[in-house]
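One structure below.
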Protein chains: 2
Amino acid sequence: MSRASDKAYSQIRELIISGDLAPGEALGEEALAEMCGVSRTPIREALRRLEADMLIRKTESQRSYVSDWSLDDVHDVFELRAMLEGYAARRAAELMDDAVLKALKMHNSGLEEAVSSDPPDIEEFLARNREFHALILRTAASPRLEILLQTLIEQPVIWRTAHHYELSELVRSHQEHDELIAAFERGDGPWAEAIMTGHIRRAFHAYSDAHREMMAAEADQNKKRA
Amino acid sequence: MSRASDKAYSQIRELIISGDLAPGEALGEEALAEMCGVSRTPIREALRRLEADMLIRKTESQRSYVSDWSLDDVHDVFELRAMLEGYAARRAAELMDDAVLKALKMHNSGLEEAVSSDPPDIEEFLARNREFHALILRTAASPRLEILLQTLIEQPVIWRTAHHYELSELVRSHQEHDELIAAFERGDGPWAEAIMTGHIRRAFHAYSDAHREMMAAEADQNKKRA
DNA sequence: GCGTTCCTTATTGTATACAAAATCGACCCG
DNA sequence: CGGGTCGATTTTGTATACAATAAGGAACGC
């Protein structure tokens, strides 16, 4: 993180994920350079990486914009995640050991706490959730699978929408994690895969519902304003 | 392809895929710059892209080397390919149209010709095979799937080894393609997926056998030399 | 002889200047 | 008005110089 290009990368990345840089927004190299306090050279390197992450896109004339996502795009991503994370869970179940299992239980406890508190601590929930899934992925011991999933998981639209999930969805997530842990304890790969696939697919519908709600609320506000 | 960084990218990429740059070999930016007749700036950009393609790796101190692959790595890649290309085939079967079907048949005819000629035209076989699979992938209509598979498919170790496949393997490949086409004609997604998964998994064993042969032959030569 | 330290050298990281290309707007013509 | 062309301005691409950092090797002590 000491190199300027790394700093620029994480800085711009945060701005995109937090939504401070809105989808579709233009990203001029000069402006970013000034913002990050570095020259254009490391900015260009950061932009390349962000493009590989699919967080930005480039027009045919090489100008950079924050990626905008259609519902179809999101669906596409969830389909792939469901398959790949399911596969990861199956492999992880076969390679699971006690230390990892213990860590998973810990993350899921933290996740439950975050959900149970009033009001629910969504950020904490998301952090624990991320850790939980990352740990499973690492346990699957496939470096390429890890790389492939990275780009699918780190999607701002999805994280932002999570703040509008129903509480019941969050509780259900925690329960499914418990069931995953049970599958891991028994080393039952196919079971773990089935739970995980369902878990991700359900997450898509939770996203889809929350998204629809948000759109409706937005349209409502626009009507009032008019 | 007009930009210097693009030229550098494809030039270096070709050298890696052809094997002129051996696995493990160091890639100095200065040296590459001179070789390509451009400055280091576009070279650095090309190296980033090649790293994303997993054709090169970088040490912790940021030096670049041509990727070297263990058999485990190759196995890992084939497992993922089998799953993802299987999925692509299923989707493609559901979205197939006559034009694509015709093109697939054409490629497979070309592939058969390449196999039937004496001696078999391996380069032609590989080219047609690539086209065949690429067309299926495109028909699956999932931009992200396409991106993910790209990095798994374009692996020099695998292409190079293909030259040592048994003739019977090539014939079998052509037959499996025919079966895939039959599944596509009937729009039978699960059938297409099953064939494709098997097709890729068989390809791994063909690779593995050819690789073992090559290793044995090499060891033999070393013994003679000593 | 082995390991360590320090210095030299090679290599990568960053900044800046300039070249090439694209966008935008004014202006002109139909 | 609408459309198109040209040019000014912005933006990206490349080259080069310099700074920072890591590798390699010599000299030294143990």
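Identifiers in this document derive from the order of the structure tokens: chains are assigned A, B, ..., residues are numbered from 1 separately in each chain, and ligands are numbered from 1 in order of occurrence.
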(request) Check chain B with DSSP on the backbone and list each residue it calls strand (DSSP E), as a PyMOL selection string. (result) chain B and resi 26-27+56-58+64-66
Write the residues of the preceding selection, restricted to C-alpha atoms, as a tab-separated table (two decimals), in the first residue's frame.
```tsv
chain	number	residue	atom	x	y	z
B	26	ALA	CA	12.72	-12.99	-16.37
B	27	LEU	CA	11.11	-10.11	-18.21
B	56	ILE	CA	3.20	-13.63	-16.26
B	57	ARG	CA	3.58	-13.40	-12.52
B	58	LYS	CA	5.25	-10.78	-10.37
B	64	SER	CA	8.08	-10.00	-13.86
B	65	TYR	CA	8.54	-13.60	-14.93
B	66	VAL	CA	6.84	-15.86	-17.41
```
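Selected on chain B by distance to chain D: B:Arg3, B:Ser39, B:Thr41, B:Pro42, B:Ser61 (within 8 Å, counting only C-alpha atoms (C1' of nucleotides)).
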Each residue of chain C with at least one atom at most 9 Å from chain A should appear once, together with its nearest atom pair and the corresponding distance in Å (one decimal); atoms considered: only C-alpha atoms (C1' of nucleotides); ordering: chain, then increasing residue number; output as CSV.
```
residue,atom,partner,partner_atom,distance
C:DG13,C1',A:Arg3,CA,7.8
C:DT14,C1',A:Thr41,CA,6.9
C:DA15,C1',A:Ser39,CA,6.1
C:DT16,C1',A:Ser39,CA,8.6
C:DA21,C1',A:Ser61,CA,8.6
C:DA22,C1',A:Ser61,CA,7.2
```
Export C-alpha atoms (C1' of nucleotides) of the chosen residues as a tab-separated table (two decimals), in the first residue's frame?
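Result saved to again10.tsv:
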```
chain	number	residue	atom	x	y	z
C	13	DG	C1'	8.22	3.47	-9.61
C	14	DT	C1'	6.95	8.28	-10.38
C	15	DA	C1'	6.88	12.82	-12.37
C	16	DT	C1'	6.86	15.67	-16.21
C	21	DA	C1'	-6.35	11.98	-30.66
C	22	DA	C1'	-10.95	13.10	-29.49
```
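The coordinates place atom CA of Pro156 of chain B at 14.5 Å from atom CA of Ser208 of chain B.
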Determine, using only C-alpha atoms, which residues of chain B have any atom at most 9 Å from an atom of chain A, and tabulate each with its shortest atom pair and distance in Å to one decimal place, rows ordered by chain and then rising number, as JSON lines.
```
{"residue": "B:Thr41", "atom": "CA", "partner": "A:Thr41", "partner_atom": "CA", "distance": 8.7}
{"residue": "B:Arg44", "atom": "CA", "partner": "A:Glu45", "partner_atom": "CA", "distance": 8.8}
{"residue": "B:Glu45", "atom": "CA", "partner": "A:Glu45", "partner_atom": "CA", "distance": 7.4}
{"residue": "B:Arg48", "atom": "CA", "partner": "A:Arg48", "partner_atom": "CA", "distance": 7.9}
{"residue": "B:Arg49", "atom": "CA", "partner": "A:Arg48", "partner_atom": "CA", "distance": 8.3}
{"residue": "B:Ala52", "atom": "CA", "partner": "A:Ala52", "partner_atom": "CA", "distance": 7.5}
{"residue": "B:Asp73", "atom": "CA", "partner": "A:Ser142", "partner_atom": "CA", "distance": 8.5}
{"residue": "B:Asp76", "atom": "CA", "partner": "A:Ser142", "partner_atom": "CA", "distance": 6.6}
{"residue": "B:Val77", "atom": "CA", "partner": "A:Arg144", "partner_atom": "CA", "distance": 7.2}
{"residue": "B:Leu80", "atom": "CA", "partner": "A:Leu145", "partner_atom": "CA", "distance": 7.4}
{"residue": "B:Met83", "atom": "CA", "partner": "A:Met83", "partner_atom": "CA", "distance": 8.5}
{"residue": "B:Leu84", "atom": "CA", "partner": "A:Met83", "partner_atom": "CA", "distance": 8.6}
{"residue": "B:Tyr87", "atom": "CA", "partner": "A:Met83", "partner_atom": "CA", "distance": 8.9}
{"residue": "B:Ser142", "atom": "CA", "partner": "A:Asp76", "partner_atom": "CA", "distance": 6.6}
{"residue": "B:Pro143", "atom": "CA", "partner": "A:Asp76", "partner_atom": "CA", "distance": 8.4}
{"residue": "B:Arg144", "atom": "CA", "partner": "A:Val77", "partner_atom": "CA", "distance": 7.2}
{"residue": "B:Leu145", "atom": "CA", "partner": "A:Leu80", "partner_atom": "CA", "distance": 7.4}
{"residue": "B:Leu148", "atom": "CA", "partner": "A:Leu148", "partner_atom": "CA", "distance": 6.3}
{"residue": "B:Leu152", "atom": "CA", "partner": "A:Arg144", "partner_atom": "CA", "distance": 8.5}
```
